[in-house]
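Before any comments, here is the structure.
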Amino acid sequence: MELGIRGRRALIGGASSGLGRAIAERLAAEGCDIAVTARRRDILEWLATDLATRHGIRAVAVPADLADPAAPAAMARTATEALGGIDILVLNAGGPPPVDPTATTPDGWAAAFRLLAAGPIELATALLPAMRTQGWGRIVAVGSYAVRQPIDELAYSNAGRSALIAWLKTVSRAVAADGITVNGALPGRHATPRTEQLERAASERTGRSLEEIRAGHLAAIPARRYGRPDEFAAYVAWLCSEPAAYQTGTFTSIDGGILIGLP
Ligand SMILES: NC(=O)c1ccc[n+]([C@@H]2O[C@H](COP(=O)([O-])OP(=O)(O)OC[C@H]3O[C@@H](n4cnc5c(N)ncnc54)[C@H](OP(=O)(O)O)[C@@H]3O)[C@@H](O)[C@H]2O)c1
């Protein structure tokens, strides 16, 4: 299917690894110009050069730490100047650490809400006015199925991501008449460095082997396998597309069937 986004300019978060990197790859393959952001400058610069060379597009690295309160405004400004504007924004970064839900702390909440809610909201807020003026925009958040079915050891993530989605849903209605769609894709369990890192942490915490931990995870996935980042990226690319112009305010789980309740 022709996605109709050749030449659109996309800013993609968490692009140095996992799902964000797969999204950058997919949007570059669709002919978008790309600004990749995350903290690791060396990977981003290599990736930007690689994407530009292989796909014949413009690609720039915008290194930033979304945990820094000054970062969202600076990211929006740098990416806009580099590409001449931003049409597509993919909100994505890392996840907070696991925590005992009965032992959360004020500092833990502050860090989680900055990374998962305040930072993305400020970034989208900085880019929305230009999207509204031009009458076209796509905002897609990478969330987690945990906003529908909380994960026991990820209280910070469950709550922080839910706050972001509540704002996105609200703003989707405010900007729908301006040609802007706002959606979310909620990963289940995909084969990425973050998944491996959480599994190693669970193994250390519980004393169970990595194999046992993984077997438990697979047993909870009806598809009996982890998702591939490129499968996830294909859905995000659809949300960014021209034919998806009438889909807004949706938050869909891409999870091999993990969610048990009705959608
Ligand atoms: N994979 C899954 O199955 C799954 C399931 C549910 C939810 N999620 C969520 O989906 C998102 C992407 O997951 P993933 O699996 O792709 O993780 P990943 O492979 O660990 O990638 C995370 C990305 O975010 C960047 N990042 C981390 N902290 C950042 C910060 N403070 N500022 C800016 N960028 C930051 C990382 O790059 P740098 O280190 O270079 O900054 C990296 O590019 C995460 O929020 C994750 O919690 C994933």
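As shown in the structure tokens, the chain order sets the letters A, B, ...; within each chain, residues go from 1, and ligands are also counted from 1 in the order they appear.
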Would you mind listing what lies within 10 Å of segment 19-29 of chain A as a PyMOL selection string, with only C-alpha atoms counted and same-chain residues fewer than 4 positions away left out?
chain A and resi 3+5-15+33-38+44+47-48+50-52+54-59+88+90-94+142+187+190-194+228-238+240-241
Take the selection from the previous step and output its residues with C-alpha atoms, as a compact mmCIF listing (two decimals), in the first residue's frame.
```
# COMPACT_ATOMS: atom_id res chain seq x y z
CA LEU A 3 1.59 5.39 2.44
CA ILE A 5 4.45 10.24 3.10
CA ARG A 6 7.47 10.57 0.79
CA GLY A 7 9.19 13.86 1.66
CA ARG A 8 7.41 14.23 5.01
CA ARG A 9 9.78 15.21 7.84
CA ALA A 10 9.79 12.94 10.90
CA LEU A 11 11.32 13.35 14.37
CA ILE A 12 11.71 9.94 16.00
CA GLY A 13 12.51 9.40 19.68
CA GLY A 14 14.44 6.49 21.15
CA ALA A 15 15.88 5.94 17.70
CA ASP A 33 13.36 12.80 5.89
CA ILE A 34 14.40 11.79 9.38
CA ALA A 35 15.63 13.40 12.60
CA VAL A 36 16.72 10.72 15.05
CA THR A 37 16.93 11.50 18.74
CA ALA A 38 18.09 9.69 21.92
CA LEU A 44 22.62 8.53 16.13
CA LEU A 47 22.44 5.87 11.92
CA ALA A 48 21.63 9.19 10.25
CA ASP A 50 23.44 5.12 7.11
CA LEU A 51 19.73 5.95 6.57
CA ALA A 52 20.55 8.88 4.29
CA ARG A 54 20.66 3.72 1.86
CA HIS A 55 17.35 5.50 1.32
CA GLY A 56 18.40 8.70 -0.48
CA ILE A 57 16.76 10.92 2.13
CA ARG A 58 17.93 13.68 4.46
CA ALA A 59 18.70 12.43 7.98
CA ILE A 88 5.57 13.50 11.96
CA VAL A 90 7.12 9.73 17.18
CA LEU A 91 7.17 10.04 20.99
CA ASN A 92 9.42 7.33 22.38
CA ALA A 93 12.28 6.93 24.87
CA GLY A 94 13.33 4.52 27.56
CA VAL A 142 5.04 4.37 21.72
CA PRO A 187 3.95 -2.74 22.55
CA HIS A 190 9.14 -7.36 21.61
CA ALA A 191 12.67 -8.58 21.09
CA THR A 192 14.65 -5.45 21.97
CA PRO A 193 17.47 -4.47 24.36
CA ARG A 194 14.87 -3.12 26.84
CA ARG A 228 9.73 -8.18 16.02
CA PRO A 229 10.54 -4.45 16.02
CA ASP A 230 9.84 -4.26 12.27
CA GLU A 231 6.29 -5.58 12.82
CA PHE A 232 5.69 -2.86 15.37
CA ALA A 233 7.24 -0.24 13.09
CA ALA A 234 4.91 -1.23 10.25
CA TYR A 235 1.89 -0.29 12.37
CA VAL A 236 3.47 3.02 13.42
CA ALA A 237 4.17 3.78 9.74
CA TRP A 238 0.50 3.14 8.98
CA CYS A 240 1.79 8.19 10.09
CA SER A 241 0.37 7.60 6.63
```
Give me the residues within 12 Å of Ala71 of chain A as a list in words, counting only C-alpha atoms and dropping any in the same chain fewer than 3 places off.
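Using only C-alpha atoms, the neighbours found are Thr37, Ala38, Arg39, Val62, Pro63, Ala64, Asp65, Leu66, Ala67, Asp68, Ala74, Met75, Ala76, Arg77, Thr78, Ala79, Arg114, Leu115, Ala118, Gly119, Pro120, Ile121, Glu122, Leu123 and Ala126 of chain A.
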Looking at only C-alpha atoms and all ligand atoms, which of A:Arg40, A:Arg208, A:Arg214, A:Arg224 is the one that sits closest to ligand 1?
A:Arg40
Strand (DSSP E) per DSSP on the backbone: members of segment 8-209 of chain A, as a short mmCIF file (atom, residue, chain, number, x, y, z; two decimals) with all heavy atoms, in the first residue's frame:
```cif
data_model
loop_
_atom_site.label_atom_id
_atom_site.label_comp_id
_atom_site.auth_asym_id
_atom_site.auth_seq_id
_atom_site.Cartn_x
_atom_site.Cartn_y
_atom_site.Cartn_z
N ARG A 9 8.62 15.08 6.94
CA ARG A 9 9.78 15.21 7.84
C ARG A 9 9.41 14.67 9.22
O ARG A 9 8.45 15.16 9.84
CB ARG A 9 10.19 16.67 7.91
CG ARG A 9 10.55 17.25 6.53
CD ARG A 9 10.31 18.72 6.45
NE ARG A 9 8.92 19.09 6.66
CZ ARG A 9 8.44 20.32 6.55
NH1 ARG A 9 9.24 21.31 6.22
NH2 ARG A 9 7.16 20.58 6.78
N ALA A 10 10.16 13.65 9.67
CA ALA A 10 9.79 12.94 10.90
C ALA A 10 10.88 13.07 11.97
O ALA A 10 12.07 12.92 11.68
CB ALA A 10 9.58 11.45 10.59
N LEU A 11 10.42 13.37 13.20
CA LEU A 11 11.32 13.35 14.37
C LEU A 11 10.98 12.11 15.17
O LEU A 11 9.84 11.94 15.61
CB LEU A 11 11.12 14.62 15.20
CG LEU A 11 11.82 14.66 16.58
CD1 LEU A 11 13.34 14.52 16.45
CD2 LEU A 11 11.48 15.97 17.30
N ILE A 12 11.97 11.24 15.38
CA ILE A 12 11.71 9.94 16.00
C ILE A 12 12.53 9.78 17.27
O ILE A 12 13.77 9.84 17.25
CB ILE A 12 12.06 8.80 15.01
CG1 ILE A 12 11.20 8.97 13.75
CG2 ILE A 12 11.83 7.43 15.64
CD1 ILE A 12 11.82 8.38 12.53
N ASP A 33 12.11 12.27 5.32
CA ASP A 33 13.36 12.80 5.89
C ASP A 33 13.27 12.58 7.39
O ASP A 33 12.17 12.65 7.97
CB ASP A 33 13.50 14.29 5.56
CG ASP A 33 13.74 14.51 4.08
OD1 ASP A 33 14.39 13.66 3.45
OD2 ASP A 33 13.26 15.54 3.54
N ILE A 34 14.42 12.32 8.01
CA ILE A 34 14.40 11.79 9.38
C ILE A 34 15.31 12.59 10.32
O ILE A 34 16.47 12.85 9.98
CB ILE A 34 14.93 10.33 9.37
CG1 ILE A 34 14.10 9.42 8.44
CG2 ILE A 34 14.99 9.76 10.78
CD1 ILE A 34 12.75 9.05 8.95
N ALA A 35 14.79 12.93 11.50
CA ALA A 35 15.63 13.40 12.60
C ALA A 35 15.56 12.34 13.69
O ALA A 35 14.47 12.01 14.16
CB ALA A 35 15.13 14.74 13.12
N VAL A 36 16.69 11.77 14.03
CA VAL A 36 16.72 10.72 15.05
C VAL A 36 17.22 11.31 16.36
O VAL A 36 18.21 12.03 16.40
CB VAL A 36 17.60 9.52 14.63
CG1 VAL A 36 16.87 8.64 13.63
CG2 VAL A 36 18.95 9.94 14.08
N THR A 37 16.50 10.99 17.44
CA THR A 37 16.93 11.50 18.74
C THR A 37 16.97 10.39 19.78
O THR A 37 16.28 9.38 19.67
CB THR A 37 16.04 12.68 19.20
OG1 THR A 37 16.57 13.19 20.43
CG2 THR A 37 14.60 12.26 19.41
N ALA A 38 17.85 10.56 20.76
CA ALA A 38 18.09 9.69 21.92
C ALA A 38 19.31 10.33 22.59
O ALA A 38 19.68 11.46 22.23
CB ALA A 38 18.36 8.25 21.51
N ALA A 59 18.81 12.96 6.61
CA ALA A 59 18.70 12.43 7.98
C ALA A 59 19.70 13.15 8.87
O ALA A 59 20.84 13.38 8.47
CB ALA A 59 18.97 10.93 7.99
N VAL A 60 19.23 13.54 10.06
CA VAL A 60 20.09 14.26 11.00
C VAL A 60 19.98 13.65 12.39
O VAL A 60 18.95 13.08 12.75
CB VAL A 60 19.73 15.76 11.10
CG1 VAL A 60 20.01 16.47 9.78
CG2 VAL A 60 18.29 15.95 11.51
N ALA A 61 21.05 13.78 13.16
CA ALA A 61 21.07 13.31 14.54
C ALA A 61 20.76 14.50 15.46
O ALA A 61 21.31 15.58 15.29
CB ALA A 61 22.44 12.74 14.88
N VAL A 62 19.86 14.27 16.43
CA VAL A 62 19.53 15.31 17.41
C VAL A 62 19.69 14.70 18.81
O VAL A 62 18.72 14.30 19.44
CB VAL A 62 18.07 15.80 17.21
CG1 VAL A 62 17.73 16.90 18.21
CG2 VAL A 62 17.84 16.29 15.79
N PRO A 63 20.93 14.62 19.29
CA PRO A 63 21.14 13.99 20.60
C PRO A 63 20.53 14.82 21.72
O PRO A 63 20.68 16.05 21.72
CB PRO A 63 22.67 13.94 20.75
CG PRO A 63 23.25 14.44 19.48
CD PRO A 63 22.17 15.10 18.69
N ILE A 88 5.86 14.76 11.25
CA ILE A 88 5.57 13.50 11.96
C ILE A 88 6.42 13.46 13.22
O ILE A 88 7.64 13.65 13.16
CB ILE A 88 5.92 12.29 11.07
CG1 ILE A 88 5.00 12.24 9.84
CG2 ILE A 88 5.84 10.99 11.87
CD1 ILE A 88 5.42 11.21 8.79
N LEU A 89 5.76 13.22 14.36
CA LEU A 89 6.49 13.13 15.63
C LEU A 89 6.21 11.77 16.25
O LEU A 89 5.05 11.42 16.50
CB LEU A 89 6.03 14.24 16.59
CG LEU A 89 6.54 14.14 18.03
CD1 LEU A 89 8.07 14.24 18.08
CD2 LEU A 89 5.90 15.22 18.90
N VAL A 90 7.27 11.01 16.49
CA VAL A 90 7.12 9.73 17.18
C VAL A 90 7.68 9.89 18.60
O VAL A 90 8.89 10.07 18.79
CB VAL A 90 7.84 8.58 16.44
CG1 VAL A 90 7.72 7.28 17.23
CG2 VAL A 90 7.27 8.40 15.04
N LEU A 91 6.78 9.87 19.58
CA LEU A 91 7.17 10.04 20.99
C LEU A 91 7.62 8.69 21.53
O LEU A 91 6.83 7.74 21.60
CB LEU A 91 5.98 10.56 21.79
CG LEU A 91 5.47 11.95 21.39
CD1 LEU A 91 4.15 12.26 22.08
CD2 LEU A 91 6.52 13.02 21.72
N GLY A 137 -0.39 16.91 10.20
CA GLY A 137 0.55 16.42 11.21
C GLY A 137 0.18 15.03 11.68
O GLY A 137 -0.98 14.62 11.59
N ARG A 138 1.18 14.32 12.15
CA ARG A 138 0.97 12.99 12.73
C ARG A 138 1.78 12.91 14.03
O ARG A 138 2.99 13.16 14.02
CB ARG A 138 1.47 11.89 11.78
CG ARG A 138 0.77 11.82 10.44
CD ARG A 138 -0.61 11.19 10.57
NE ARG A 138 -1.26 11.04 9.28
CZ ARG A 138 -2.08 11.95 8.73
NH1 ARG A 138 -2.33 13.07 9.35
NH2 ARG A 138 -2.65 11.71 7.56
N ILE A 139 1.11 12.56 15.11
CA ILE A 139 1.82 12.30 16.37
C ILE A 139 1.49 10.88 16.78
O ILE A 139 0.31 10.50 16.84
CB ILE A 139 1.39 13.30 17.47
CG1 ILE A 139 1.78 14.73 17.05
CG2 ILE A 139 2.04 12.94 18.80
CD1 ILE A 139 1.36 15.81 18.02
N VAL A 140 2.52 10.09 17.01
CA VAL A 140 2.33 8.70 17.42
C VAL A 140 3.18 8.46 18.67
O VAL A 140 4.39 8.72 18.66
CB VAL A 140 2.77 7.70 16.33
CG1 VAL A 140 2.54 6.27 16.81
CG2 VAL A 140 2.01 7.94 15.03
N ALA A 141 2.56 7.97 19.73
CA ALA A 141 3.31 7.65 20.95
C ALA A 141 3.54 6.15 21.02
O ALA A 141 2.63 5.36 20.74
CB ALA A 141 2.54 8.11 22.18
N VAL A 142 4.76 5.77 21.40
CA VAL A 142 5.04 4.37 21.72
C VAL A 142 4.74 4.23 23.21
O VAL A 142 5.40 4.86 24.05
CB VAL A 142 6.51 4.01 21.42
CG1 VAL A 142 6.82 2.59 21.87
CG2 VAL A 142 6.79 4.17 19.93
N ILE A 180 -4.51 16.98 11.86
CA ILE A 180 -3.50 16.32 12.70
C ILE A 180 -4.13 15.11 13.38
O ILE A 180 -5.20 15.22 13.98
CB ILE A 180 -2.96 17.29 13.77
CG1 ILE A 180 -2.35 18.51 13.09
CG2 ILE A 180 -1.95 16.59 14.68
CD1 ILE A 180 -2.02 19.63 14.06
N THR A 181 -3.47 13.96 13.27
CA THR A 181 -3.93 12.79 14.01
C THR A 181 -2.97 12.52 15.16
O THR A 181 -1.76 12.78 15.06
CB THR A 181 -4.05 11.55 13.13
OG1 THR A 181 -2.73 11.13 12.73
CG2 THR A 181 -4.92 11.80 11.91
N VAL A 182 -3.53 12.00 16.25
CA VAL A 182 -2.74 11.71 17.46
C VAL A 182 -3.14 10.31 17.91
O VAL A 182 -4.30 10.07 18.25
CB VAL A 182 -3.06 12.73 18.58
CG1 VAL A 182 -2.21 12.43 19.82
CG2 VAL A 182 -2.82 14.15 18.11
N ASN A 183 -2.19 9.39 17.88
CA ASN A 183 -2.49 7.99 18.20
C ASN A 183 -1.36 7.39 19.02
O ASN A 183 -0.31 8.00 19.21
CB ASN A 183 -2.64 7.18 16.90
CG ASN A 183 -3.89 7.58 16.11
OD1 ASN A 183 -5.00 7.26 16.50
ND2 ASN A 183 -3.68 8.29 15.01
N GLY A 184 -1.59 6.16 19.47
CA GLY A 184 -0.55 5.45 20.19
C GLY A 184 -0.50 4.00 19.76
O GLY A 184 -1.52 3.41 19.37
N ALA A 185 0.69 3.43 19.79
CA ALA A 185 0.88 2.00 19.55
C ALA A 185 1.47 1.43 20.84
O ALA A 185 2.46 1.97 21.36
CB ALA A 185 1.83 1.79 18.38
N LEU A 186 0.84 0.40 21.36
CA LEU A 186 1.20 -0.12 22.67
C LEU A 186 1.91 -1.46 22.52
O LEU A 186 1.27 -2.47 22.23
CB LEU A 186 -0.06 -0.29 23.52
CG LEU A 186 -1.03 0.90 23.54
CD1 LEU A 186 -2.27 0.57 24.39
CD2 LEU A 186 -0.35 2.15 24.08
N PRO A 187 3.24 -1.47 22.71
CA PRO A 187 3.95 -2.74 22.55
C PRO A 187 3.58 -3.75 23.64
O PRO A 187 3.28 -3.38 24.78
CB PRO A 187 5.43 -2.36 22.66
CG PRO A 187 5.48 -0.96 23.10
CD PRO A 187 4.13 -0.35 23.03
#
```
List as a list in words the protein and nucleic acid residues near Met131 of chain A, meaning an atom at most 9 Å away when only C-alpha atoms are counted, but skip any in the same chain fewer than 2 places from it.
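Listed by chain and then number, they are Gly85, Ile86, Asp87, Ile88, Leu127, Leu128, Pro129, Thr133, Gln134, Gly135, Trp136, Gly137, Arg138, Asp178, Gly179 and Ile180 of chain A.
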Residue with smallest distance to Ala130 of chain A - pool A:Pro263, A:Arg205, A:Gly84, A:Gly31, counting only C-alpha atoms
A:Gly84
What gap, in Å, lies between atom 47 (O, counted along the ligand's line) of ligand 1 and atom CA of Pro72 of chain A?
18.7 Å
Go through segment 62-142 of chain A and flag each residue having an atom no more than 7 Å from segment 158-172 of chain A; for those, report the closest pair of atoms plus their distance in Å to one decimal, using only C-alpha atoms, ordered by chain and rising number, as CSV.
```
residue,atom,partner,partner_atom,distance
A:Ala112,CA,A:Gly160,CA,6.1
A:Phe113,CA,A:Gly160,CA,5.2
A:Leu116,CA,A:Gly160,CA,5.4
A:Ala117,CA,A:Leu164,CA,4.8
```
In segment 61-173 of chain A, DSSP helix (DSSP H, G or I) residues written as a PyMOL selection string
chain A and resi 71-83+106-134+145-147+155-173
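Atom CA of Ala111 of chain A is found 20.0 Å from atom 1 (N, counted along the ligand's line) of ligand 1.
Separating atom CA of Ser17 of chain A from atom CA of Ala219 of chain A is a distance of 26.0 Å.
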Within 9 Å of Gly256 of chain A using only C-alpha atoms, minus same-chain residues under 4 positions, as a list in words
Gly188, Arg189, Ile221, Pro222, Ala223, Arg224, Arg225, Tyr226 and Gly227 of chain A
Using the selection just defined, write its residues with all heavy atoms as a PDB file, in the first residue's frame.
```
ATOM      1  N   GLY A 188       3.645  -5.011  23.267  1.00  0.00           N
ATOM      2  CA  GLY A 188       3.466  -6.092  24.236  1.00  0.00           C
ATOM      3  C   GLY A 188       4.842  -6.532  24.719  1.00  0.00           C
ATOM      4  O   GLY A 188       5.435  -5.902  25.593  1.00  0.00           O
ATOM      5  N   ARG A 189       5.383  -7.586  24.137  1.00  0.00           N
ATOM      6  CA  ARG A 189       6.750  -7.993  24.475  1.00  0.00           C
ATOM      7  C   ARG A 189       7.494  -8.244  23.168  1.00  0.00           C
ATOM      8  O   ARG A 189       7.231  -9.210  22.460  1.00  0.00           O
ATOM      9  CB  ARG A 189       6.748  -9.255  25.357  1.00  0.00           C
ATOM     10  CG  ARG A 189       8.021  -9.388  26.165  1.00  0.00           C
ATOM     11  CD  ARG A 189       7.916 -10.474  27.210  1.00  0.00           C
ATOM     12  NE  ARG A 189       7.048 -10.171  28.318  1.00  0.00           N
ATOM     13  CZ  ARG A 189       7.396  -9.461  29.389  1.00  0.00           C
ATOM     14  NH1 ARG A 189       8.598  -8.945  29.469  1.00  0.00           N
ATOM     15  NH2 ARG A 189       6.525  -9.253  30.368  1.00  0.00           N
ATOM     16  N   ILE A 221       1.929 -15.266  26.148  1.00  0.00           N
ATOM     17  CA  ILE A 221       1.698 -14.660  24.823  1.00  0.00           C
ATOM     18  C   ILE A 221       1.034 -15.716  23.934  1.00  0.00           C
ATOM     19  O   ILE A 221       1.685 -16.690  23.543  1.00  0.00           O
ATOM     20  CB  ILE A 221       3.027 -14.205  24.165  1.00  0.00           C
ATOM     21  CG1 ILE A 221       3.793 -13.258  25.089  1.00  0.00           C
ATOM     22  CG2 ILE A 221       2.745 -13.549  22.811  1.00  0.00           C
ATOM     23  CD1 ILE A 221       5.185 -12.896  24.589  1.00  0.00           C
ATOM     24  N   PRO A 222      -0.220 -15.535  23.596  1.00  0.00           N
ATOM     25  CA  PRO A 222      -0.886 -16.541  22.756  1.00  0.00           C
ATOM     26  C   PRO A 222      -0.130 -16.832  21.456  1.00  0.00           C
ATOM     27  O   PRO A 222      -0.151 -17.976  20.984  1.00  0.00           O
ATOM     28  CB  PRO A 222      -2.267 -15.923  22.508  1.00  0.00           C
ATOM     29  CG  PRO A 222      -2.526 -15.130  23.748  1.00  0.00           C
ATOM     30  CD  PRO A 222      -1.187 -14.533  24.105  1.00  0.00           C
ATOM     31  N   ALA A 223       0.551 -15.843  20.873  1.00  0.00           N
ATOM     32  CA  ALA A 223       1.302 -16.092  19.633  1.00  0.00           C
ATOM     33  C   ALA A 223       2.552 -16.925  19.888  1.00  0.00           C
ATOM     34  O   ALA A 223       3.203 -17.394  18.940  1.00  0.00           O
ATOM     35  CB  ALA A 223       1.681 -14.776  18.965  1.00  0.00           C
ATOM     36  N   ARG A 224       2.923 -17.107  21.161  1.00  0.00           N
ATOM     37  CA  ARG A 224       4.071 -17.941  21.582  1.00  0.00           C
ATOM     38  C   ARG A 224       5.396 -17.461  21.011  1.00  0.00           C
ATOM     39  O   ARG A 224       6.310 -18.259  20.767  1.00  0.00           O
ATOM     40  CB  ARG A 224       3.856 -19.422  21.196  1.00  0.00           C
ATOM     41  CG  ARG A 224       2.661 -20.052  21.899  1.00  0.00           C
ATOM     42  CD  ARG A 224       2.911 -20.289  23.402  1.00  0.00           C
ATOM     43  NE  ARG A 224       1.722 -20.844  24.033  1.00  0.00           N
ATOM     44  CZ  ARG A 224       0.830 -20.125  24.733  1.00  0.00           C
ATOM     45  NH1 ARG A 224       1.023 -18.841  24.945  1.00  0.00           N
ATOM     46  NH2 ARG A 224      -0.223 -20.691  25.258  1.00  0.00           N
ATOM     47  N   ARG A 225       5.519 -16.195  20.794  1.00  0.00           N
ATOM     48  CA  ARG A 225       6.808 -15.622  20.398  1.00  0.00           C
ATOM     49  C   ARG A 225       6.806 -14.147  20.755  1.00  0.00           C
ATOM     50  O   ARG A 225       5.741 -13.550  20.934  1.00  0.00           O
ATOM     51  CB  ARG A 225       7.068 -15.803  18.896  1.00  0.00           C
ATOM     52  CG  ARG A 225       6.123 -15.011  17.999  1.00  0.00           C
ATOM     53  CD  ARG A 225       6.529 -15.126  16.534  1.00  0.00           C
ATOM     54  NE  ARG A 225       5.603 -14.428  15.646  1.00  0.00           N
ATOM     55  CZ  ARG A 225       5.660 -13.130  15.339  1.00  0.00           C
ATOM     56  NH1 ARG A 225       6.612 -12.364  15.850  1.00  0.00           N
ATOM     57  NH2 ARG A 225       4.790 -12.571  14.527  1.00  0.00           N
ATOM     58  N   TYR A 226       8.009 -13.559  20.853  1.00  0.00           N
ATOM     59  CA  TYR A 226       8.115 -12.123  21.041  1.00  0.00           C
ATOM     60  C   TYR A 226       7.859 -11.432  19.699  1.00  0.00           C
ATOM     61  O   TYR A 226       8.091 -12.005  18.635  1.00  0.00           O
ATOM     62  CB  TYR A 226       9.512 -11.736  21.535  1.00  0.00           C
ATOM     63  CG  TYR A 226       9.814 -12.165  22.958  1.00  0.00           C
ATOM     64  CD1 TYR A 226       8.883 -12.869  23.722  1.00  0.00           C
ATOM     65  CD2 TYR A 226      11.042 -11.871  23.545  1.00  0.00           C
ATOM     66  CE1 TYR A 226       9.167 -13.257  25.032  1.00  0.00           C
ATOM     67  CE2 TYR A 226      11.332 -12.248  24.847  1.00  0.00           C
ATOM     68  CZ  TYR A 226      10.392 -12.947  25.571  1.00  0.00           C
ATOM     69  OH  TYR A 226      10.672 -13.322  26.862  1.00  0.00           O
ATOM     70  N   GLY A 227       7.387 -10.180  19.762  1.00  0.00           N
ATOM     71  CA  GLY A 227       7.191  -9.420  18.530  1.00  0.00           C
ATOM     72  C   GLY A 227       8.525  -8.952  17.970  1.00  0.00           C
ATOM     73  O   GLY A 227       9.506  -8.797  18.699  1.00  0.00           O
TER      74      GLY A 227
END
```
Just checking: using only C-alpha atoms and all ligand atoms, which residue out of A:Thr195, A:Thr80, A:Thr53, A:Thr102 ends up closest to ligand 1?
A:Thr195
One residue among A:Tyr145, A:Trp46, A:Trp109, A:Tyr246 is nearest to ligand 1 when using only C-alpha atoms and all ligand atoms, and that residue is A:Tyr145
